[in-house]
file structure22.pdb (PDB, C-alpha atoms)
ATOM      1  CA  MET A1500      48.077  19.176   1.882
ATOM      2  CA  ALA A1501      48.852  18.085   5.387
ATOM      3  CA  ASP A1502      50.734  20.693   7.372
ATOM      4  CA  GLY A1503      50.189  23.582   4.964
ATOM      5  CA  PRO A1504      50.644  27.231   5.995
ATOM      6  CA  LEU A1505      46.909  28.096   6.032
ATOM      7  CA  ILE A1506      44.173  27.499   8.571
ATOM      8  CA  VAL A1507      40.847  28.047   6.822
ATOM      9  CA  GLN A1508      37.924  28.718   9.167
ATOM     10  CA  SER A1509      34.189  28.458   8.567
ATOM     11  CA  ASP A1510      33.707  32.213   9.185
ATOM     12  CA  LYS A1511      35.718  32.847   5.968
ATOM     13  CA  THR A1512      38.836  33.793   7.905
ATOM     14  CA  ILE A1513      42.194  32.454   6.742
ATOM     15  CA  LEU A1514      45.176  32.388   9.070
ATOM     16  CA  LEU A1515      48.614  32.292   7.422
ATOM     17  CA  GLU A1516      51.592  31.019   9.424
ATOM     18  CA  VAL A1517      54.298  33.422   8.264
ATOM     19  CA  GLY A1518      57.222  31.170   9.227
ATOM     20  CA  HIS A1519      56.061  28.197   7.158
ATOM     21  CA  GLU A1520      58.245  27.290   4.167
ATOM     22  CA  LEU A1521      55.279  27.713   1.775
ATOM     23  CA  ALA A1522      53.983  30.944   3.340
ATOM     24  CA  THR A1523      55.143  33.248   0.540
ATOM     25  CA  GLU A1524      53.715  30.976  -2.148
ATOM     26  CA  ALA A1525      50.402  30.667  -0.279
ATOM     27  CA  ARG A1526      50.238  34.427   0.357
ATOM     28  CA  HIS A1527      50.548  35.139  -3.362
ATOM     29  CA  ALA A1528      47.915  32.524  -4.166
ATOM     30  CA  ILE A1529      45.276  33.824  -1.728
ATOM     31  CA  ALA A1530      45.961  37.509  -2.462
ATOM     32  CA  ALA A1531      43.746  37.206  -5.550
ATOM     33  CA  PHE A1532      40.609  36.546  -3.487
ATOM     34  CA  ALA A1533      41.273  37.244   0.215
ATOM     35  CA  GLU A1534      41.819  40.575   1.933
ATOM     36  CA  LEU A1535      44.516  41.065   4.550
ATOM     37  CA  GLU A1536      42.967  42.150   7.847
ATOM     38  CA  ARG A1537      45.816  41.931  10.354
ATOM     39  CA  ALA A1538      49.511  41.234   9.993
ATOM     40  CA  PRO A1539      51.075  40.591  13.394
ATOM     41  CA  GLU A1540      54.509  39.027  13.459
ATOM     42  CA  HIS A1541      53.774  35.275  13.232
ATOM     43  CA  VAL A1542      50.232  34.783  11.905
ATOM     44  CA  HIS A1543      48.531  37.001   9.331
ATOM     45  CA  SER A1544      44.746  37.096   9.152
ATOM     46  CA  TYR A1545      42.853  37.272   5.849
ATOM     47  CA  ARG A1546      39.131  37.297   5.083
ATOM     48  CA  ILE A1547      37.283  35.997   2.045
ATOM     49  CA  THR A1548      34.671  38.597   1.088
ATOM     50  CA  PRO A1549      32.135  38.857  -1.736
ATOM     51  CA  LEU A1550      34.140  41.768  -3.166
ATOM     52  CA  GLY A1551      37.362  39.744  -3.045
ATOM     53  CA  LEU A1552      35.682  36.873  -4.878
ATOM     54  CA  TRP A1553      34.202  39.256  -7.416
ATOM     55  CA  ASN A1554      37.639  40.789  -8.048
ATOM     56  CA  ALA A1555      39.142  37.312  -8.425
ATOM     57  CA  ARG A1556      36.502  36.400 -11.001
ATOM     58  CA  ALA A1557      37.114  39.664 -12.857
ATOM     59  CA  ALA A1558      40.829  38.758 -12.942
ATOM     60  CA  GLY A1559      40.035  35.395 -14.530
ATOM     61  CA  LEU A1560      39.913  33.039 -11.533
ATOM     62  CA  ASP A1561      36.935  30.733 -11.195
ATOM     63  CA  ALA A1562      35.471  29.110  -8.085
ATOM     64  CA  GLU A1563      37.335  25.848  -8.710
ATOM     65  CA  GLN A1564      40.688  27.639  -8.730
ATOM     66  CA  VAL A1565      39.870  29.394  -5.445
ATOM     67  CA  LEU A1566      38.861  26.102  -3.826
ATOM     68  CA  ASP A1567      41.944  24.342  -5.199
ATOM     69  CA  THR A1568      44.137  27.023  -3.620
ATOM     70  CA  LEU A1569      42.457  26.632  -0.240
ATOM     71  CA  LEU A1570      42.693  22.842  -0.373
ATOM     72  CA  ARG A1571      46.323  22.857  -1.558
ATOM     73  CA  TYR A1572      47.677  25.101   1.199
ATOM     74  CA  SER A1573      45.373  24.273   4.113
ATOM     75  CA  ARG A1574      46.827  22.608   7.181
ATOM     76  CA  PHE A1575      43.477  21.072   8.129
ATOM     77  CA  PRO A1576      40.422  20.059   6.086
ATOM     78  CA  VAL A1577      38.618  23.103   4.709
ATOM     79  CA  PRO A1578      35.231  23.435   6.453
ATOM     80  CA  HIS A1579      32.477  21.905   4.339
ATOM     81  CA  ALA A1580      30.215  24.936   4.879
ATOM     82  CA  LEU A1581      32.839  27.147   3.215
ATOM     83  CA  LEU A1582      33.263  24.832   0.249
TER      84      LEU A1582
END
call {"tool": "encode", "arguments": {"input": "structure22.pdb", "output": "structure tokens"}}
result
Amino acid sequence: MADGPLIVQSDKTILLEVGHELATEARHAIAAFAELERAPEHVHSYRITPLGLWNARAAGLDAEQVLDTLLRYSRFPVPHALL
């Protein structure tokens, strides 16, 4: 998606633009595998961790679903190293 609410970085950090029209939808989608680190007013910071991915798998999500979520809501191309 061009102009999505997420900025996915190669260090496994995800930035969520809170004011974006799809922010709530994206927040719910990434909550299954990313942990909220900081929540200032305009941009929330999440991190993808091994534990978060393990919990997502235990809840029934597979790697393809995680990647699809990142690709669907990302404003820019997801870094190849992360994929």
call {"tool": "closest_residue", "arguments": {"input": "structure22.pdb", "among": "A:Asp1502, A:Glu1540, A:Glu1534, A:Glu1520", "to": "Leu1570 (chain A)", "atoms": "only C-alpha atoms"}}
result
A:Asp1502
call {"tool": "atom_distance", "arguments": {"input": "structure22.pdb", "atom1": "CA of Leu1569 (chain A)", "atom2": "CA of Ala1525 (chain A)"}}
result
8.9 Å
call {"tool": "atom_distance", "arguments": {"input": "structure22.pdb", "atom1": "CA of His1519 (chain A)", "atom2": "CA of Pro1549 (chain A)"}}
result
27.7 Å
call {"tool": "closest_residue", "arguments": {"input": "structure22.pdb", "among": "A:Arg1556, A:His1527, A:Arg1546, A:Arg1537", "to": "Ile1506 (chain A)", "atoms": "all atoms listed in the file"}}
result
A:Arg1546
call {"tool": "residues_around", "arguments": {"input": "structure22.pdb", "residues": "His1541 (chain A)", "least_positions_apart": "6", "cutoff": "12 Å", "atoms": "only C-alpha atoms", "output": "PyMOL selection string"}}
result
chain A and resi 1504+1514-1519+1522
call {"tool": "write_last_selection", "arguments": {"input": "structure22.pdb", "atoms": "C-alpha atoms", "output": "PDB file, in the coordinates of the input"}}
result
ATOM      1  CA  PRO A1504      50.644  27.231   5.995  1.00  0.00           C
ATOM      2  CA  LEU A1514      45.176  32.388   9.070  1.00  0.00           C
ATOM      3  CA  LEU A1515      48.614  32.292   7.422  1.00  0.00           C
ATOM      4  CA  GLU A1516      51.592  31.019   9.424  1.00  0.00           C
ATOM      5  CA  VAL A1517      54.298  33.422   8.264  1.00  0.00           C
ATOM      6  CA  GLY A1518      57.222  31.170   9.227  1.00  0.00           C
ATOM      7  CA  HIS A1519      56.061  28.197   7.158  1.00  0.00           C
ATOM      8  CA  ALA A1522      53.983  30.944   3.340  1.00  0.00           C
TER       9      ALA A1522
END
call {"tool": "closest_residue", "arguments": {"input": "structure22.pdb", "among": "A:Leu1582, A:Val1507, A:Ile1513, A:Asn1554", "to": "Ala1538 (chain A)", "atoms": "all atoms listed in the file"}}
result
A:Ile1513
call {"tool": "atom_distance", "arguments": {"input": "structure22.pdb", "atom1": "CA of Leu1521 (chain A)", "atom2": "CA of Pro1576 (chain A)"}}
result
17.3 Å
call {"tool": "resolve_selection", "arguments": {"input": "structure22.pdb", "expression": "the PyMOL selection byres ((chain A and resi 1551) around 10)", "output": "list in words"}}
result
Ile1529, Ala1530, Ala1531, Phe1532, Ala1533, Glu1534, Arg1546, Ile1547, Thr1548, Pro1549, Leu1550, Leu1552, Trp1553, Asn1554, Ala1555, Arg1556 and Ala1557 of chain A
call {"tool": "closest_residue", "arguments": {"input": "structure22.pdb", "among": "A:Gln1508, A:Gly1503, A:His1543, A:Ala1528", "to": "Val1565 (chain A)", "atoms": "only C-alpha atoms"}}
result
A:Ala1528
call {"tool": "residues_around", "arguments": {"input": "structure22.pdb", "residues": "Ser1509 (chain A)", "least_positions_apart": "5", "cutoff": "7 Å", "atoms": "only C-alpha atoms", "output": "list in words"}}
result
Pro1578, Ala1580 and Leu1581 of chain A
call {"tool": "axis_aligned_box", "arguments": {"input": "structure22.pdb", "around": "region 1529-1534 of chain A", "padding_each_side": "5 Å", "output": "lines of an AutoDock Vina configuration file"}}
result
center_x = 43.3
center_y = 37.2
center_z = -1.8
size_x = 15.4
size_y = 16.8
size_z = 17.5
